[in-house]
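File shown: data-v4.cif. Contents: mmCIF, C-alpha atoms.
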```
data_final
loop_
_atom_site.label_atom_id
_atom_site.label_comp_id
_atom_site.auth_asym_id
_atom_site.auth_seq_id
_atom_site.Cartn_x
_atom_site.Cartn_y
_atom_site.Cartn_z
CA MET H 1 11.90 17.81 13.31
CA ALA H 2 9.62 14.80 12.87
CA LEU H 3 5.94 15.27 13.59
CA SER H 4 4.58 13.18 16.42
CA LEU H 5 2.28 10.40 15.26
CA GLN H 6 1.06 9.65 18.77
CA GLY H 7 -2.71 9.19 18.83
CA LYS H 8 -3.18 9.24 15.08
CA VAL H 9 -5.34 6.59 13.38
CA ALA H 10 -4.29 4.59 10.31
CA LEU H 11 -6.20 2.13 8.16
CA VAL H 12 -3.96 -0.32 6.30
CA THR H 13 -5.63 -2.52 3.68
CA GLY H 14 -4.12 -5.92 3.04
CA ALA H 15 -2.68 -5.65 6.53
CA ALA H 16 -2.18 -9.39 6.99
CA GLY H 17 0.47 -9.65 4.26
CA GLY H 18 4.20 -9.14 4.75
CA ILE H 19 4.38 -5.49 3.70
CA GLY H 20 1.09 -4.66 5.42
CA ASP H 21 2.28 -6.29 8.63
CA ALA H 22 5.52 -4.29 8.58
CA ILE H 23 3.67 -1.02 7.94
CA CYS H 24 1.30 -1.69 10.84
CA GLN H 25 4.20 -2.53 13.15
CA ALA H 26 6.16 0.57 12.19
CA LEU H 27 3.23 2.94 12.61
CA ALA H 28 2.07 1.36 15.87
CA ALA H 29 5.60 1.67 17.28
CA ARG H 30 5.19 5.44 16.87
CA GLY H 31 1.89 5.61 18.70
CA VAL H 32 -0.52 5.20 15.80
CA ARG H 33 -3.76 3.33 16.38
CA ILE H 34 -4.07 0.70 13.65
CA ILE H 35 -7.17 -0.44 11.79
CA ALA H 36 -5.90 -3.65 10.17
CA GLY H 37 -8.02 -4.08 7.06
CA TYR H 38 -8.43 -7.57 5.65
CA ASN H 39 -10.40 -9.30 2.94
CA SER H 40 -10.28 -12.99 3.91
CA SER H 41 -7.36 -13.29 6.35
CA SER H 42 -9.32 -12.35 9.44
CA GLU H 43 -7.37 -14.55 11.86
CA ARG H 44 -4.00 -13.27 10.66
CA ALA H 45 -5.21 -9.68 10.95
CA ARG H 46 -6.54 -10.24 14.46
CA HIS H 47 -3.31 -11.94 15.51
CA LEU H 48 -1.36 -8.98 14.11
CA CYS H 49 -3.40 -6.54 16.19
CA GLU H 50 -2.69 -8.58 19.31
CA GLN H 51 1.04 -8.31 18.67
CA LEU H 52 1.18 -4.58 17.93
CA PRO H 53 2.57 -2.18 20.54
CA GLY H 54 0.10 0.25 22.01
CA GLN H 55 -3.64 -0.07 22.44
CA GLY H 56 -6.88 0.24 20.52
CA HIS H 57 -5.79 -1.70 17.44
CA ILE H 58 -8.56 -3.59 15.67
CA ALA H 59 -8.93 -5.86 12.65
CA MET H 60 -11.83 -4.91 10.40
CA HIS H 61 -13.20 -6.33 7.17
CA ALA H 62 -12.12 -3.98 4.37
CA PRO H 63 -12.81 -5.74 1.04
CA VAL H 64 -11.53 -3.26 -1.54
CA LEU H 65 -13.74 -4.73 -4.28
CA ASP H 66 -16.92 -4.02 -2.30
CA SER H 67 -17.62 -0.29 -2.29
CA ALA H 68 -20.76 -0.69 -0.21
CA ALA H 69 -18.81 -2.52 2.50
CA LEU H 70 -16.15 0.19 2.47
CA LYS H 71 -18.83 2.86 2.90
CA THR H 72 -20.26 0.94 5.86
CA LEU H 73 -16.79 0.66 7.38
CA SER H 74 -16.26 4.40 6.91
CA ASP H 75 -19.58 5.15 8.62
CA ASN H 76 -18.66 2.86 11.52
CA LEU H 77 -15.26 4.49 11.94
CA SER H 78 -16.89 7.92 11.81
CA ARG H 79 -19.26 6.90 14.59
CA ASP H 80 -16.70 5.11 16.77
CA ILE H 81 -13.50 7.12 16.19
CA GLY H 82 -14.47 10.28 14.34
CA HIS H 83 -11.55 10.68 11.99
CA LEU H 84 -8.86 8.88 10.03
CA ASP H 85 -5.37 10.34 9.64
CA ILE H 86 -3.62 7.84 7.37
CA LEU H 87 -4.92 5.48 4.70
CA VAL H 88 -2.44 2.98 3.27
CA ASN H 89 -3.72 1.28 0.13
CA ASN H 90 -1.64 -1.86 0.38
CA ALA H 91 -4.09 -4.51 -0.86
CA GLY H 92 -3.10 -5.86 -4.26
CA MET H 93 -2.83 -8.97 -6.37
CA THR H 94 -0.90 -10.42 -9.28
CA GLN H 95 -0.11 -13.66 -11.03
CA VAL H 96 3.06 -14.64 -12.82
CA VAL H 97 2.59 -14.73 -16.60
CA ALA H 98 5.46 -14.26 -19.02
CA HIS H 99 5.17 -10.97 -20.89
CA ASP H 100 5.27 -12.71 -24.28
CA ASP H 101 2.57 -15.21 -23.27
CA LEU H 102 -0.37 -13.10 -24.40
CA ASP H 103 -2.77 -16.03 -24.41
CA GLY H 104 -1.74 -16.95 -20.88
CA LEU H 105 -2.93 -13.61 -19.53
CA GLY H 106 -6.67 -14.20 -19.58
CA ASP H 107 -9.33 -11.53 -19.41
CA ASP H 108 -10.42 -12.68 -15.97
CA VAL H 109 -6.91 -12.24 -14.55
CA ILE H 110 -6.54 -8.81 -16.17
CA ASP H 111 -9.88 -7.70 -14.76
CA GLN H 112 -9.04 -8.95 -11.28
CA ILE H 113 -5.65 -7.21 -11.27
CA PHE H 114 -7.07 -3.86 -12.34
CA ALA H 115 -10.09 -4.18 -10.08
CA THR H 116 -7.96 -4.87 -7.01
CA ASN H 117 -4.93 -2.72 -7.65
CA VAL H 118 -6.57 0.33 -9.23
CA ARG H 119 -10.31 0.39 -8.64
CA GLY H 120 -9.89 -0.92 -5.09
CA ALA H 121 -7.42 1.81 -4.14
CA PHE H 122 -9.68 4.48 -5.63
CA ALA H 123 -12.73 3.03 -3.87
CA CYS H 124 -10.93 3.28 -0.53
CA VAL H 125 -10.00 6.92 -1.09
CA ARG H 126 -13.57 7.66 -2.13
CA ALA H 127 -15.03 5.92 0.93
CA PHE H 128 -12.65 7.35 3.52
CA ARG H 129 -12.23 10.87 2.10
CA PRO H 130 -14.65 12.44 4.63
CA LEU H 131 -12.75 10.90 7.55
CA LEU H 132 -9.38 11.97 6.16
CA GLN H 133 -10.71 15.51 5.76
CA GLU H 134 -11.87 15.47 9.38
CA SER H 135 -8.26 14.81 10.34
CA GLY H 136 -7.22 18.18 8.94
CA ASP H 137 -3.95 16.63 7.77
CA GLY H 138 -4.95 13.45 5.98
CA LEU H 139 -2.46 11.24 4.17
CA VAL H 140 -3.05 8.54 1.57
CA VAL H 141 -0.16 6.25 0.69
CA ASN H 142 -0.67 4.01 -2.33
CA ILE H 143 1.68 1.03 -2.43
CA SER H 144 2.79 0.92 -6.04
CA SER H 145 5.83 -0.75 -7.67
CA ILE H 146 8.75 0.20 -9.87
CA ALA H 147 7.00 -2.07 -12.39
CA GLY H 148 4.76 0.93 -13.05
CA THR H 149 7.68 2.78 -14.63
CA THR H 150 10.06 0.01 -15.75
CA ALA H 151 7.30 -2.23 -17.23
CA VAL H 152 9.20 -5.20 -15.78
CA GLY H 153 7.13 -7.31 -13.43
CA SER H 154 5.01 -10.39 -12.89
CA ASN H 155 2.89 -9.76 -15.98
CA VAL H 156 1.92 -7.04 -18.43
CA ALA H 157 -1.34 -6.21 -16.68
CA TYR H 158 0.34 -5.89 -13.29
CA CYS H 159 2.85 -3.38 -14.67
CA ALA H 160 0.06 -1.42 -16.34
CA SER H 161 -1.99 -1.44 -13.13
CA LYS H 162 0.86 0.08 -11.14
CA ALA H 163 1.37 2.72 -13.82
CA ALA H 164 -2.31 3.52 -13.36
CA VAL H 165 -1.82 3.74 -9.59
CA ASN H 166 0.98 6.26 -10.13
CA SER H 167 -1.18 8.39 -12.42
CA MET H 168 -4.13 8.13 -10.06
CA THR H 169 -1.89 9.25 -7.20
CA MET H 170 -1.07 12.46 -9.04
CA SER H 171 -4.68 13.11 -10.04
CA LEU H 172 -6.00 12.57 -6.51
CA ALA H 173 -3.23 14.66 -4.97
CA ARG H 174 -4.29 17.59 -7.11
CA ALA H 175 -7.98 17.00 -6.47
CA LEU H 176 -7.78 16.56 -2.68
CA ALA H 177 -5.17 19.18 -1.76
CA PRO H 178 -4.63 20.87 0.59
CA ASP H 179 -6.61 18.82 3.12
CA ILE H 180 -5.31 15.41 2.03
CA ARG H 181 -1.89 14.48 0.69
CA VAL H 182 -1.64 11.53 -1.71
CA VAL H 183 1.69 9.83 -2.33
CA ALA H 184 2.78 6.50 -3.83
CA VAL H 185 5.59 4.29 -2.54
CA ALA H 186 7.12 2.10 -5.24
CA PRO H 187 9.30 -0.78 -4.08
CA GLY H 188 11.22 -3.13 -6.31
CA TRP H 189 11.55 -6.75 -5.31
CA VAL H 190 10.61 -7.21 -1.66
CA ASP H 191 11.82 -10.14 0.42
CA GLY H 192 8.71 -12.16 1.23
CA ASP H 193 6.58 -15.07 0.10
CA TYR H 194 6.49 -13.91 -3.52
CA ALA H 195 10.26 -13.46 -3.74
CA ARG H 196 10.90 -16.79 -2.07
CA ARG H 197 8.83 -18.54 -4.74
CA ALA H 198 10.89 -16.96 -7.51
CA ASP H 199 13.65 -18.77 -9.39
CA PRO H 200 16.72 -18.29 -7.13
CA VAL H 201 18.95 -17.72 -10.16
CA TYR H 202 16.66 -14.99 -11.50
CA LEU H 203 16.36 -13.38 -8.08
CA GLN H 204 20.14 -13.32 -7.68
CA GLN H 205 20.38 -11.62 -11.07
CA GLN H 206 18.07 -8.89 -9.79
CA ILE H 207 20.27 -8.44 -6.73
CA ASP H 208 23.42 -8.33 -8.87
CA HIS H 209 21.85 -5.62 -11.03
CA THR H 210 20.79 -3.50 -8.06
CA PRO H 211 23.37 -0.87 -7.04
CA LEU H 212 22.76 -1.47 -3.33
CA LYS H 213 23.18 -5.25 -3.86
CA ARG H 214 20.07 -6.49 -2.12
CA ILE H 215 16.33 -6.55 -2.53
CA ALA H 216 14.09 -4.54 -0.23
CA GLN H 217 12.85 -5.74 3.10
CA ALA H 218 9.24 -5.07 4.06
CA GLN H 219 10.67 -2.78 6.73
CA ASP H 220 12.16 -0.55 4.01
CA VAL H 221 8.67 0.05 2.63
CA ALA H 222 7.27 0.61 6.11
CA ASP H 223 10.01 3.15 6.87
CA ALA H 224 9.04 5.10 3.76
CA VAL H 225 5.41 5.23 4.90
CA VAL H 226 6.45 6.45 8.35
CA ALA H 227 8.69 9.10 6.79
CA LEU H 228 5.84 10.39 4.64
CA ALA H 229 3.65 10.67 7.73
CA SER H 230 6.22 12.27 10.02
CA THR H 231 9.01 14.05 8.14
CA MET H 232 8.28 14.21 4.40
CA THR H 233 5.22 16.34 5.00
CA PHE H 234 5.65 18.64 1.98
CA ASN H 235 5.29 15.74 -0.45
CA THR H 236 2.16 15.07 -2.45
CA GLY H 237 1.40 13.73 -5.91
CA CYS H 238 4.74 11.97 -6.24
CA VAL H 239 6.10 8.42 -6.37
CA ILE H 240 8.78 7.55 -3.81
CA PRO H 241 11.03 4.68 -5.02
CA VAL H 242 12.21 2.03 -2.57
CA ASP H 243 14.25 -0.02 -5.01
CA GLY H 244 17.93 0.21 -4.15
CA GLY H 245 18.55 2.02 -7.44
CA ARG H 246 17.50 -0.96 -9.55
CA PRO H 247 16.39 1.11 -12.61
CA LEU H 248 19.92 2.60 -12.83
CA MET H 249 21.42 -0.63 -14.17
#
```
Before we go any further, please render this structure as structure tokens.
Amino acid sequence: MALSLQGKVALVTGAAGGIGDAICQALAARGVRIIAGYNSSSERARHLCEQLPGQGHIAMHAPVLDSAALKTLSDNLSRDIGHLDILVNNAGMTQVVAHDDLDGLGDDVIDQIFATNVRGAFACVRAFRPLLQESGDGLVVNISSIAGTTAVGSNVAYCASKAAVNSMTMSLARALAPDIRVVAVAPGWVDGDYARRADPVYLQQQIDHTPLKRIAQAQDVADAVVALASTMTFNTGCVIPVDGGRPLM
């Protein structure tokens, strides 16, 4: 039997993007109050909150590269709400650079990828750990990628950053149990702005080499997050693939 999510509170970073939007919609549809975290897309985040079912949703500045700002946000949530049940580390970045173009992957891009995808996710867990503990049944979901295990992705650093996210997920799950569960969700290609900018021929090749013969929808990722919160409650320290079986071929 699925646990009721009615009245729970979730903070989703990078909420204004396609996957973040779908996660917010899916959780809100089950009665979760959403804190839509954004870095620069304040208007999109506020518009999202206006469209979500239920009440009490709010867009809040959650810059994952600013630990001091995250601490302030945590203090404000502690004062105004008192607890946090679900943290979804969805904020991330990448840039397309061919894997053999070593000179094209500059130090600044590498640093930004690791800072956002790895340090930012850790900083959020660090900042919101007290609130998640107050929940008594806290859940952290790190949005990873199959690139972390296949080493096939937008660039070498991106793949390495997602491998780091997977390892960090396991380390934090061990460190924060039993009060807080930590799980990663690893999609393959997801239909959205990034996929639509890809070479159509290449994208079709990825579909042809996926056993389920399609790429993921953002809703597939959102459904995995909801399942981890409501039914897959004995999972921690693991990586849940949402890839249609792509690594099998």
Near region 175-182 of chain H, counting all atoms listed in the file, which residues have an atom at most 12 Å away, once you skip same-chain residues fewer than 3 positions from it, shown as an NGL selection string?
:H and (84-89 or 121-122 or 125-126 or 128-143 or 165-172 or 185 or 225 or 228-229 or 232-240)
Shell of 10 Å around Pro241 (chain H), all atoms listed in the file, local chain residues under 5 positions omitted, as an MDAnalysis selection string
chainID H and resid 144:146 184:188 221 224 246:247
Please produce a file of those selected residues containing C-alpha atoms, as a PDB file, in the coordinates of the input.
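This is the output file part.pdb:
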```
ATOM      1  CA  SER H 144       2.790   0.920  -6.040  1.00  0.00           C
ATOM      2  CA  SER H 145       5.830  -0.750  -7.670  1.00  0.00           C
ATOM      3  CA  ILE H 146       8.750   0.200  -9.870  1.00  0.00           C
ATOM      4  CA  ALA H 184       2.780   6.500  -3.830  1.00  0.00           C
ATOM      5  CA  VAL H 185       5.590   4.290  -2.540  1.00  0.00           C
ATOM      6  CA  ALA H 186       7.120   2.100  -5.240  1.00  0.00           C
ATOM      7  CA  PRO H 187       9.300  -0.780  -4.080  1.00  0.00           C
ATOM      8  CA  GLY H 188      11.220  -3.130  -6.310  1.00  0.00           C
ATOM      9  CA  VAL H 221       8.670   0.050   2.630  1.00  0.00           C
ATOM     10  CA  ALA H 224       9.040   5.100   3.760  1.00  0.00           C
ATOM     11  CA  ARG H 246      17.500  -0.960  -9.550  1.00  0.00           C
ATOM     12  CA  PRO H 247      16.390   1.110 -12.610  1.00  0.00           C
TER      13      PRO H 247
END
```
Might I get the box with edges along x, y and z of the file that holds all atoms of region 217-226 of chain H listed there, padded by 4 Å on every side, given as centre and edge lengths in Å to one decimal, as JSON?
```
{"center_x": 9.1, "center_y": 0.4, "center_z": 5.5, "size_x": 15.4, "size_y": 20.2, "size_z": 13.7}
```
Got a sec: who's within 6 Å of region 216-218 of chain H, counting only C-alpha atoms, leaving out chain neighbours fewer than 2 positions off, as a list of chain:residue names?
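Counting only the stated atoms, we get H:Ile19, H:Ala22, H:Val190, H:Asp191, H:Asp220, H:Val221.
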Output for the residues just chosen: C-alpha atoms as a short mmCIF file (atom, residue, chain, number, x, y, z; two decimals), keeping the file's coordinate frame:
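Final file, result14.cif:
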```cif
data_model
loop_
_atom_site.label_atom_id
_atom_site.label_comp_id
_atom_site.auth_asym_id
_atom_site.auth_seq_id
_atom_site.Cartn_x
_atom_site.Cartn_y
_atom_site.Cartn_z
CA ILE H 19 4.38 -5.49 3.70
CA ALA H 22 5.52 -4.29 8.58
CA VAL H 190 10.61 -7.21 -1.66
CA ASP H 191 11.82 -10.14 0.42
CA ASP H 220 12.16 -0.55 4.01
CA VAL H 221 8.67 0.05 2.63
#
```
Under the rule that only C-alpha atoms are counted, which of H:Asp193, H:Ala59, H:Asp80, H:Arg46 is the nearest residue to Gly17 (chain H)?
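Using only C-alpha atoms, Gly17 (chain H) sits closest to H:Asp193.
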For Met249 (chain H), work out the shell of residues within 8 Å, counting all atoms listed in the file and skipping chain neighbours fewer than 4 positions away, then give it as a PyMOL selection string.
chain H and resi 209-211+245
Using C-alpha atoms, can you export the residues from the last selection as a compact mmCIF listing (two decimals), in the frame of the given file?
```
# COMPACT_ATOMS: atom_id res chain seq x y z
CA HIS H 209 21.85 -5.62 -11.03
CA THR H 210 20.79 -3.50 -8.06
CA PRO H 211 23.37 -0.87 -7.04
CA GLY H 245 18.55 2.02 -7.44
```
Do a neighbour search on region 38-44 of chain H at 6 Å with only C-alpha atoms, toss out local chain neighbours closer than 2 positions, and write the hits as a list in words.
Gly14, Ala16, Arg46, His47, His61, Ala62 and Pro63 of chain H
Would you put the residues from that selection into a file with C-alpha atoms, as a PDB file, in the frame of the given file?
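Saved file again_24.pdb follows:
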```
ATOM      1  CA  GLY H  14      -4.120  -5.920   3.040  1.00  0.00           C
ATOM      2  CA  ALA H  16      -2.180  -9.390   6.990  1.00  0.00           C
ATOM      3  CA  ARG H  46      -6.540 -10.240  14.460  1.00  0.00           C
ATOM      4  CA  HIS H  47      -3.310 -11.940  15.510  1.00  0.00           C
ATOM      5  CA  HIS H  61     -13.200  -6.330   7.170  1.00  0.00           C
ATOM      6  CA  ALA H  62     -12.120  -3.980   4.370  1.00  0.00           C
ATOM      7  CA  PRO H  63     -12.810  -5.740   1.040  1.00  0.00           C
TER       8      PRO H  63
END
```
In Å and to one decimal, CA of Gly18 (chain H) is distant from CA of Ile81 (chain H) by 26.6 Å
Using only C-alpha atoms for the distances, tell me which of H:Ala164, H:Tyr194, H:Ile35, H:Leu70 is nearest to Thr149 (chain H).
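Among the listed residues, H:Ala164 lies closest to Thr149 (chain H).
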H:Leu3, H:Cys124, H:Ile34, H:Met60: which is nearest Asn76 (chain H), counting all atoms listed in the file?
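The closest residue to Asn76 (chain H) is H:Met60.
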Please, what distance in Å, to one decimal, runs between CA of Val32 (chain H) and CA of Lys8 (chain H)?
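About the pair CA of Val32 (chain H) and CA of Lys8 (chain H): they are 4.9 Å apart.
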With 8 Å as the threshold, what does the neighbourhood of (4.1, -12.6, -13.4) contain in terms of residues, counting all atoms listed in the file? Coordinates are those of the file; answer as a count of residues only.
11
How far is it from CA of Gly244 (chain H) to CA of Val152 (chain H), in Å with one decimal?
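If I compute the distance from CA of Gly244 (chain H) to CA of Val152 (chain H), I get 15.5 Å.
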Would you kindly translate the PyMOL selection byres ((chain H and resi 57) around 6) into the concrete residues it picks from this file, as a list in words?
Arg33, Ile34, Ile35, Cys49, Gln55, Gly56 and Ile58 of chain H
Writing out the chosen residues with C-alpha atoms as a PDB file, keeping the file's coordinate frame:
```
ATOM      1  CA  ARG H  33      -3.760   3.330  16.380  1.00  0.00           C
ATOM      2  CA  ILE H  34      -4.070   0.700  13.650  1.00  0.00           C
ATOM      3  CA  ILE H  35      -7.170  -0.440  11.790  1.00  0.00           C
ATOM      4  CA  CYS H  49      -3.400  -6.540  16.190  1.00  0.00           C
ATOM      5  CA  GLN H  55      -3.640  -0.070  22.440  1.00  0.00           C
ATOM      6  CA  GLY H  56      -6.880   0.240  20.520  1.00  0.00           C
ATOM      7  CA  ILE H  58      -8.560  -3.590  15.670  1.00  0.00           C
TER       8      ILE H  58
END
```
Calculated over only C-alpha atoms, which of the candidates H:Leu105, H:Ala45, H:Gly37, H:Asp243 has the smallest distance to Ala69 (chain H)?
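Nearest candidate to Ala69 (chain H) out of H:Leu105, H:Ala45, H:Gly37, H:Asp243: H:Gly37.
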Considering only C-alpha atoms, can you say which of H:Ser78, H:Thr150, H:Ser230, H:Gln219 comes closest to Cys24 (chain H)?
H:Gln219
Closest to Gly54 (chain H) among H:Leu27, H:Met93, H:Leu77, H:Ala68, using all atoms listed in the file?
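Closest candidate: H:Leu27.
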May I ask you to restore N, CA and C atoms in region 12-29 of chain H and write the result as a PDB file, in the frame of the given file?
```pdb
ATOM      1  N   VAL H  12      -4.854   0.342   7.252  1.00  0.00           N
ATOM      2  CA  VAL H  12      -3.960  -0.320   6.300  1.00  0.00           C
ATOM      3  C   VAL H  12      -4.721  -1.461   5.663  1.00  0.00           C
ATOM      4  N   THR H  13      -4.960  -1.397   4.356  1.00  0.00           N
ATOM      5  CA  THR H  13      -5.630  -2.520   3.680  1.00  0.00           C
ATOM      6  C   THR H  13      -4.593  -3.597   3.377  1.00  0.00           C
ATOM      7  N   GLY H  14      -5.054  -4.816   3.262  1.00  0.00           N
ATOM      8  CA  GLY H  14      -4.120  -5.920   3.040  1.00  0.00           C
ATOM      9  C   GLY H  14      -3.122  -6.032   4.171  1.00  0.00           C
ATOM     10  N   ALA H  15      -3.580  -5.755   5.383  1.00  0.00           N
ATOM     11  CA  ALA H  15      -2.680  -5.650   6.530  1.00  0.00           C
ATOM     12  C   ALA H  15      -2.045  -6.978   6.914  1.00  0.00           C
ATOM     13  N   ALA H  16      -2.666  -8.090   6.550  1.00  0.00           N
ATOM     14  CA  ALA H  16      -2.180  -9.390   6.990  1.00  0.00           C
ATOM     15  C   ALA H  16      -0.986  -9.884   6.189  1.00  0.00           C
ATOM     16  N   GLY H  17      -0.667  -9.241   5.063  1.00  0.00           N
ATOM     17  CA  GLY H  17       0.470  -9.650   4.260  1.00  0.00           C
ATOM     18  C   GLY H  17       1.779  -9.116   4.829  1.00  0.00           C
ATOM     19  N   GLY H  18       2.893  -9.508   4.224  1.00  0.00           N
ATOM     20  CA  GLY H  18       4.200  -9.140   4.750  1.00  0.00           C
ATOM     21  C   GLY H  18       4.447  -7.650   4.809  1.00  0.00           C
ATOM     22  N   ILE H  19       4.179  -6.931   3.710  1.00  0.00           N
ATOM     23  CA  ILE H  19       4.380  -5.490   3.700  1.00  0.00           C
ATOM     24  C   ILE H  19       3.362  -4.809   4.608  1.00  0.00           C
ATOM     25  N   GLY H  20       2.112  -5.243   4.554  1.00  0.00           N
ATOM     26  CA  GLY H  20       1.090  -4.660   5.420  1.00  0.00           C
ATOM     27  C   GLY H  20       1.419  -4.834   6.883  1.00  0.00           C
ATOM     28  N   ASP H  21       1.880  -6.007   7.252  1.00  0.00           N
ATOM     29  CA  ASP H  21       2.280  -6.290   8.630  1.00  0.00           C
ATOM     30  C   ASP H  21       3.372  -5.328   9.067  1.00  0.00           C
ATOM     31  N   ALA H  22       4.396  -5.166   8.221  1.00  0.00           N
ATOM     32  CA  ALA H  22       5.520  -4.290   8.580  1.00  0.00           C
ATOM     33  C   ALA H  22       5.076  -2.846   8.722  1.00  0.00           C
ATOM     34  N   ILE H  23       4.173  -2.389   7.852  1.00  0.00           N
ATOM     35  CA  ILE H  23       3.670  -1.020   7.940  1.00  0.00           C
ATOM     36  C   ILE H  23       2.903  -0.821   9.246  1.00  0.00           C
ATOM     37  N   CYS H  24       2.055  -1.774   9.575  1.00  0.00           N
ATOM     38  CA  CYS H  24       1.300  -1.690  10.840  1.00  0.00           C
ATOM     39  C   CYS H  24       2.238  -1.645  12.036  1.00  0.00           C
ATOM     40  N   GLN H  25       3.251  -2.503  12.038  1.00  0.00           N
ATOM     41  CA  GLN H  25       4.200  -2.530  13.150  1.00  0.00           C
ATOM     42  C   GLN H  25       4.939  -1.209  13.284  1.00  0.00           C
ATOM     43  N   ALA H  26       5.385  -0.670  12.150  1.00  0.00           N
ATOM     44  CA  ALA H  26       6.160   0.570  12.190  1.00  0.00           C
ATOM     45  C   ALA H  26       5.329   1.745  12.659  1.00  0.00           C
ATOM     46  N   LEU H  27       4.091   1.847  12.184  1.00  0.00           N
ATOM     47  CA  LEU H  27       3.230   2.940  12.610  1.00  0.00           C
ATOM     48  C   LEU H  27       2.827   2.797  14.075  1.00  0.00           C
ATOM     49  N   ALA H  28       2.476   1.585  14.478  1.00  0.00           N
ATOM     50  CA  ALA H  28       2.070   1.360  15.870  1.00  0.00           C
ATOM     51  C   ALA H  28       3.206   1.678  16.831  1.00  0.00           C
ATOM     52  N   ALA H  29       4.442   1.387  16.430  1.00  0.00           N
ATOM     53  CA  ALA H  29       5.600   1.670  17.280  1.00  0.00           C
ATOM     54  C   ALA H  29       5.759   3.161  17.545  1.00  0.00           C
TER      55      ALA H  29
END
```
